[in-house]
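> I am sharing work-v2.cif, which consists of mmCIF, N, CA and C atoms:
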```
data_query
loop_
_atom_site.label_atom_id
_atom_site.label_comp_id
_atom_site.auth_asym_id
_atom_site.auth_seq_id
_atom_site.Cartn_x
_atom_site.Cartn_y
_atom_site.Cartn_z
N MET R 5 82.90 50.81 94.59
CA MET R 5 82.94 50.39 95.99
C MET R 5 84.07 49.36 96.16
N PRO R 6 85.00 49.61 97.09
CA PRO R 6 86.10 48.66 97.27
C PRO R 6 85.60 47.31 97.79
N LEU R 7 86.43 46.32 97.59
CA LEU R 7 86.08 45.00 98.10
C LEU R 7 86.09 45.01 99.63
N GLN R 8 85.31 44.12 100.19
CA GLN R 8 85.26 43.99 101.65
C GLN R 8 86.13 42.82 102.10
N ARG R 9 86.59 42.90 103.33
CA ARG R 9 87.46 41.87 103.91
C ARG R 9 86.72 40.54 103.99
N GLY R 10 87.45 39.50 103.62
CA GLY R 10 86.93 38.15 103.72
C GLY R 10 87.70 37.38 104.77
N GLU R 11 88.09 36.17 104.43
CA GLU R 11 88.78 35.29 105.38
C GLU R 11 90.17 34.92 104.88
N VAL R 12 91.05 34.67 105.82
CA VAL R 12 92.37 34.16 105.50
C VAL R 12 92.24 32.64 105.38
N GLN R 13 92.63 32.11 104.23
CA GLN R 13 92.50 30.67 103.99
C GLN R 13 93.71 29.89 104.49
N GLY R 14 94.89 30.54 104.49
CA GLY R 14 96.09 29.86 104.96
C GLY R 14 97.22 29.92 103.96
N TYR R 15 98.33 29.34 104.36
CA TYR R 15 99.54 29.33 103.54
C TYR R 15 99.63 28.03 102.77
N ASP R 16 99.81 28.14 101.46
CA ASP R 16 100.00 26.97 100.59
C ASP R 16 101.50 26.85 100.35
N VAL R 17 102.14 25.91 101.03
CA VAL R 17 103.59 25.76 100.97
C VAL R 17 104.05 25.36 99.57
N ASN R 18 103.26 24.61 98.84
CA ASN R 18 103.64 24.17 97.49
C ASN R 18 103.65 25.32 96.49
N ARG R 19 102.68 26.21 96.60
CA ARG R 19 102.60 27.35 95.69
C ARG R 19 103.31 28.59 96.24
N MET R 20 103.69 28.55 97.51
CA MET R 20 104.35 29.66 98.19
C MET R 20 103.50 30.94 98.14
N VAL R 21 102.22 30.78 98.49
CA VAL R 21 101.28 31.90 98.55
C VAL R 21 100.42 31.79 99.80
N VAL R 22 99.96 32.93 100.27
CA VAL R 22 98.92 32.95 101.30
C VAL R 22 97.61 33.22 100.56
N GLU R 23 96.64 32.35 100.80
CA GLU R 23 95.35 32.47 100.14
C GLU R 23 94.37 33.17 101.07
N PHE R 24 93.54 34.04 100.47
CA PHE R 24 92.55 34.77 101.25
C PHE R 24 91.37 35.11 100.35
N THR R 25 90.28 35.52 100.95
CA THR R 25 89.10 35.91 100.19
C THR R 25 88.75 37.36 100.50
N MET R 26 88.03 37.95 99.55
CA MET R 26 87.42 39.25 99.76
C MET R 26 86.02 39.18 99.15
N LEU R 27 85.19 40.13 99.49
CA LEU R 27 83.81 40.10 99.03
C LEU R 27 83.53 41.28 98.11
N ASN R 28 82.88 40.99 96.98
CA ASN R 28 82.44 42.01 96.04
C ASN R 28 80.92 41.95 96.00
N GLN R 29 80.29 42.87 96.73
CA GLN R 29 78.83 42.90 96.83
C GLN R 29 78.29 41.53 97.26
N GLY R 30 78.93 40.95 98.24
CA GLY R 30 78.49 39.68 98.80
C GLY R 30 79.04 38.45 98.11
N LYS R 31 79.67 38.60 96.94
CA LYS R 31 80.23 37.46 96.21
C LYS R 31 81.67 37.26 96.64
N VAL R 32 82.02 36.01 96.95
CA VAL R 32 83.37 35.68 97.43
C VAL R 32 84.34 35.65 96.25
N ILE R 33 85.44 36.39 96.39
CA ILE R 33 86.51 36.42 95.38
C ILE R 33 87.75 35.80 96.02
N LEU R 34 88.36 34.85 95.34
CA LEU R 34 89.57 34.20 95.85
C LEU R 34 90.81 34.98 95.43
N PHE R 35 91.73 35.15 96.39
CA PHE R 35 92.99 35.84 96.15
C PHE R 35 94.12 35.01 96.71
N ALA R 36 95.32 35.29 96.22
CA ALA R 36 96.53 34.73 96.78
C ALA R 36 97.62 35.79 96.64
N ILE R 37 98.52 35.83 97.61
CA ILE R 37 99.67 36.73 97.50
C ILE R 37 100.93 35.90 97.67
N SER R 38 101.89 36.12 96.78
CA SER R 38 103.13 35.34 96.83
C SER R 38 103.97 35.77 98.03
N THR R 39 104.78 34.83 98.49
CA THR R 39 105.68 35.16 99.60
C THR R 39 106.66 36.24 99.18
N ALA R 40 107.07 36.24 97.92
CA ALA R 40 107.99 37.27 97.43
C ALA R 40 107.35 38.65 97.52
N ALA R 41 106.06 38.73 97.21
CA ALA R 41 105.36 40.02 97.29
C ALA R 41 105.27 40.50 98.74
N MET R 42 104.98 39.58 99.66
CA MET R 42 104.92 39.98 101.08
C MET R 42 106.29 40.40 101.57
N ASP R 43 107.32 39.67 101.16
CA ASP R 43 108.69 40.03 101.56
C ASP R 43 109.05 41.41 101.02
N ALA R 44 108.64 41.71 99.78
CA ALA R 44 108.92 43.02 99.20
C ALA R 44 108.21 44.13 99.98
N LEU R 45 106.97 43.86 100.38
CA LEU R 45 106.22 44.85 101.17
C LEU R 45 106.88 45.11 102.52
N GLU R 46 107.36 44.05 103.12
CA GLU R 46 107.89 44.16 104.48
C GLU R 46 109.39 44.45 104.51
N GLY R 47 110.05 44.28 103.36
CA GLY R 47 111.48 44.54 103.29
C GLY R 47 112.32 43.53 104.04
N ARG R 48 111.89 42.28 104.01
CA ARG R 48 112.66 41.21 104.66
C ARG R 48 112.49 39.90 103.92
N ARG R 49 113.43 39.00 104.14
CA ARG R 49 113.39 37.70 103.46
C ARG R 49 113.61 36.54 104.42
N ASP R 50 113.56 36.81 105.70
CA ASP R 50 113.89 35.77 106.69
C ASP R 50 112.65 35.16 107.35
N VAL R 51 111.51 35.20 106.66
CA VAL R 51 110.27 34.70 107.22
C VAL R 51 110.14 33.20 106.93
N ARG R 52 109.94 32.44 107.98
CA ARG R 52 109.78 30.98 107.83
C ARG R 52 108.36 30.63 107.36
N PRO R 53 108.20 29.48 106.74
CA PRO R 53 106.87 29.07 106.27
C PRO R 53 105.80 29.12 107.37
N ASP R 54 106.15 28.73 108.58
CA ASP R 54 105.15 28.72 109.65
C ASP R 54 104.82 30.13 110.15
N GLN R 55 105.50 31.14 109.64
CA GLN R 55 105.24 32.53 110.03
C GLN R 55 104.50 33.32 108.94
N ARG R 56 104.19 32.67 107.83
CA ARG R 56 103.61 33.38 106.69
C ARG R 56 102.22 33.96 106.97
N VAL R 57 101.37 33.24 107.68
CA VAL R 57 100.04 33.78 107.98
C VAL R 57 100.18 34.98 108.91
N ASP R 58 101.09 34.92 109.88
CA ASP R 58 101.32 36.07 110.76
C ASP R 58 101.82 37.26 109.95
N GLN R 59 102.70 37.01 108.99
CA GLN R 59 103.20 38.08 108.14
C GLN R 59 102.04 38.70 107.36
N PHE R 60 101.17 37.86 106.82
CA PHE R 60 99.99 38.36 106.10
C PHE R 60 99.16 39.26 107.02
N MET R 61 98.95 38.82 108.26
CA MET R 61 98.12 39.60 109.18
C MET R 61 98.75 40.97 109.46
N ARG R 62 100.08 41.02 109.57
CA ARG R 62 100.76 42.31 109.79
C ARG R 62 100.55 43.25 108.61
N LEU R 63 100.50 42.68 107.41
CA LEU R 63 100.43 43.46 106.18
C LEU R 63 99.02 43.51 105.58
N ARG R 64 98.05 42.99 106.30
CA ARG R 64 96.71 42.76 105.75
C ARG R 64 96.07 44.01 105.13
N GLU R 65 96.17 45.15 105.81
CA GLU R 65 95.53 46.36 105.30
C GLU R 65 96.04 46.71 103.90
N VAL R 66 97.36 46.77 103.75
CA VAL R 66 97.93 47.16 102.46
C VAL R 66 97.72 46.07 101.42
N ILE R 67 97.79 44.81 101.81
CA ILE R 67 97.55 43.71 100.86
C ILE R 67 96.12 43.78 100.33
N GLU R 68 95.16 43.98 101.21
CA GLU R 68 93.77 44.03 100.77
C GLU R 68 93.49 45.25 99.89
N GLU R 69 94.15 46.36 100.20
CA GLU R 69 93.97 47.56 99.37
C GLU R 69 94.51 47.30 97.96
N ARG R 70 95.69 46.69 97.87
CA ARG R 70 96.30 46.38 96.56
C ARG R 70 95.47 45.32 95.83
N ALA R 71 94.95 44.36 96.57
CA ALA R 71 94.13 43.30 95.95
C ALA R 71 92.86 43.89 95.35
N SER R 72 92.22 44.78 96.10
CA SER R 72 91.00 45.42 95.61
C SER R 72 91.30 46.25 94.37
N ARG R 73 92.40 46.99 94.39
CA ARG R 73 92.79 47.81 93.24
C ARG R 73 93.04 46.94 92.01
N LYS R 74 93.80 45.84 92.20
CA LYS R 74 94.10 44.95 91.07
C LYS R 74 92.82 44.33 90.51
N PHE R 75 91.92 43.94 91.39
CA PHE R 75 90.67 43.33 90.96
C PHE R 75 89.90 44.25 90.02
N PHE R 76 89.77 45.52 90.41
CA PHE R 76 88.99 46.46 89.61
C PHE R 76 89.75 46.96 88.38
N GLU R 77 91.07 47.19 88.50
CA GLU R 77 91.85 47.66 87.36
C GLU R 77 91.89 46.62 86.25
N GLU R 78 92.00 45.38 86.62
CA GLU R 78 92.11 44.31 85.62
C GLU R 78 90.77 43.68 85.28
N GLN R 79 89.72 44.17 85.93
CA GLN R 79 88.40 43.60 85.75
C GLN R 79 88.48 42.08 85.81
N ALA R 80 89.05 41.63 86.91
CA ALA R 80 89.31 40.21 87.11
C ALA R 80 88.02 39.39 87.04
N GLN R 81 88.19 38.17 86.64
CA GLN R 81 87.05 37.26 86.58
C GLN R 81 86.81 36.67 87.96
N ALA R 82 85.59 36.72 88.41
CA ALA R 82 85.25 36.24 89.75
C ALA R 82 85.43 34.73 89.89
N ASP R 83 85.52 34.02 88.78
CA ASP R 83 85.64 32.56 88.86
C ASP R 83 87.10 32.09 88.88
N ARG R 84 88.05 33.02 88.85
CA ARG R 84 89.47 32.66 88.91
C ARG R 84 90.15 33.41 90.03
N PRO R 85 91.05 32.75 90.76
CA PRO R 85 91.76 33.46 91.83
C PRO R 85 92.62 34.60 91.26
N VAL R 86 92.70 35.68 92.00
CA VAL R 86 93.55 36.81 91.64
C VAL R 86 94.83 36.66 92.45
N VAL R 87 95.97 36.62 91.76
CA VAL R 87 97.25 36.42 92.44
C VAL R 87 98.04 37.72 92.43
N LEU R 88 98.45 38.16 93.62
CA LEU R 88 99.30 39.33 93.75
C LEU R 88 100.75 38.89 93.76
N ARG R 89 101.54 39.48 92.88
CA ARG R 89 102.96 39.19 92.80
C ARG R 89 103.74 40.44 93.17
N SER R 90 105.05 40.33 93.22
CA SER R 90 105.90 41.44 93.65
C SER R 90 105.60 42.73 92.89
N ASN R 91 105.43 42.64 91.58
CA ASN R 91 105.19 43.85 90.80
C ASN R 91 103.84 44.48 91.09
N ASP R 92 102.92 43.76 91.72
CA ASP R 92 101.61 44.31 92.09
C ASP R 92 101.66 45.12 93.38
N VAL R 93 102.69 44.92 94.16
CA VAL R 93 102.73 45.59 95.46
C VAL R 93 103.79 46.69 95.52
N SER R 94 104.67 46.75 94.55
CA SER R 94 105.71 47.78 94.58
C SER R 94 105.12 49.09 94.07
N GLY R 95 105.65 50.16 94.63
CA GLY R 95 105.23 51.47 94.17
C GLY R 95 104.04 52.02 94.77
#
```
Would you encode the structure as structure tokens?


Amino acid sequence: MPLQRGEVQGYDVNRMVVEFTMLNQGKVILFAISTAAMDALEGRRDVRPDQRVDQFMRLREVIEERASRKFFEEQAQADRPVVLRSNDVSG
């Protein structure tokens, strides 16, 4: 069963990631996606920090699908955030 949509936590400017959650049978799983990965998905690099959450929202469907796939393929630990990087979203 794929993960269910959770909440967008926001953009962490220091780590350059957008943090979000998804649910695995009711348990909250923490995720983050790097700005480089979002830029790779969208094919652009001119996104300002204050536009990162909007960019995430535009790409949310594909990001969540890739996040769910990575979670199950890697049998990620629920107690550690799962970080999506450029190589996780290409292809």

> Using all atoms listed in the file, which residues sit within 6.5 Å of Ile33 of chain R once same-chain residues fewer than 5 positions away are excluded, as a VMD selection string?

chain R and resid 24 to 28 82 85 to 86

> Of the candidates R:Val32, R:Ala44, R:Val87, R:Val57, which one gets nearest to Gly14 of chain R if we count only C-alpha atoms?

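Checking each candidate against Gly14 of chain R, we get R:Val57 as the closest.
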
> For atom N of Glu77 of chain R and atom C of Asp92 of chain R, quote the distance in Å rounded to one decimal.

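Result for atom N of Glu77 of chain R versus atom C of Asp92 of chain R: 11.8 Å, one decimal.
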
> Restricting the calculation to all atoms listed in the file, which member of R:Asp16, R:Val21, R:Val51, R:Val93 is positioned closest to Ile67 of chain R?

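Among the listed residues, the smallest separation from Ile67 of chain R belongs to R:Val93.
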
> Take atom CA of Phe76 of chain R and atom N of Ser94 of chain R and report the distance between them in Å, one decimal.

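One can read the atom CA of Phe76 of chain R to atom N of Ser94 of chain R distance as 16.4 Å.
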
> Assign secondary structure with DSSP using the backbone only, and return the residues of chain R in strand (DSSP E) as a count of residues only.

28

> Suppose you want the space between atom N of Phe60 of chain R and atom CA of Met42 of chain R; what is it in Å?

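These atoms are spaced 7.2 Å apart.
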
> So which one's closest to Arg70 of chain R, R:Ala40, R:Val17, R:Leu7, R:Val22? Using only C-alpha atoms, please.

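Distance minimum relative to Arg70 of chain R lands on R:Leu7.
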
> So which residues get picked by the PyMOL selection byres ((chain R and resi 37) around 5) here, written as a JSON list (two decimals) with N, CA and C atoms, in the frame of the given file?


```json
[["chain", "number", "residue", "atom", "x", "y", "z"],
["R", 21, "VAL", "N", 102.22, 30.78, 98.49],
["R", 21, "VAL", "CA", 101.28, 31.90, 98.55],
["R", 21, "VAL", "C", 100.42, 31.79, 99.80],
["R", 22, "VAL", "N", 99.96, 32.93, 100.27],
["R", 22, "VAL", "CA", 98.92, 32.95, 101.30],
["R", 22, "VAL", "C", 97.61, 33.22, 100.56],
["R", 35, "PHE", "N", 91.73, 35.15, 96.39],
["R", 35, "PHE", "CA", 92.99, 35.84, 96.15],
["R", 35, "PHE", "C", 94.12, 35.01, 96.71],
["R", 36, "ALA", "N", 95.32, 35.29, 96.22],
["R", 36, "ALA", "CA", 96.53, 34.73, 96.78],
["R", 36, "ALA", "C", 97.62, 35.79, 96.64],
["R", 38, "SER", "N", 101.89, 36.12, 96.78],
["R", 38, "SER", "CA", 103.13, 35.34, 96.83],
["R", 38, "SER", "C", 103.97, 35.77, 98.03],
["R", 39, "THR", "N", 104.78, 34.83, 98.49],
["R", 39, "THR", "CA", 105.68, 35.16, 99.60],
["R", 39, "THR", "C", 106.66, 36.24, 99.18],
["R", 88, "LEU", "N", 98.45, 38.16, 93.62],
["R", 88, "LEU", "CA", 99.30, 39.33, 93.75],
["R", 88, "LEU", "C", 100.75, 38.89, 93.76]]
```
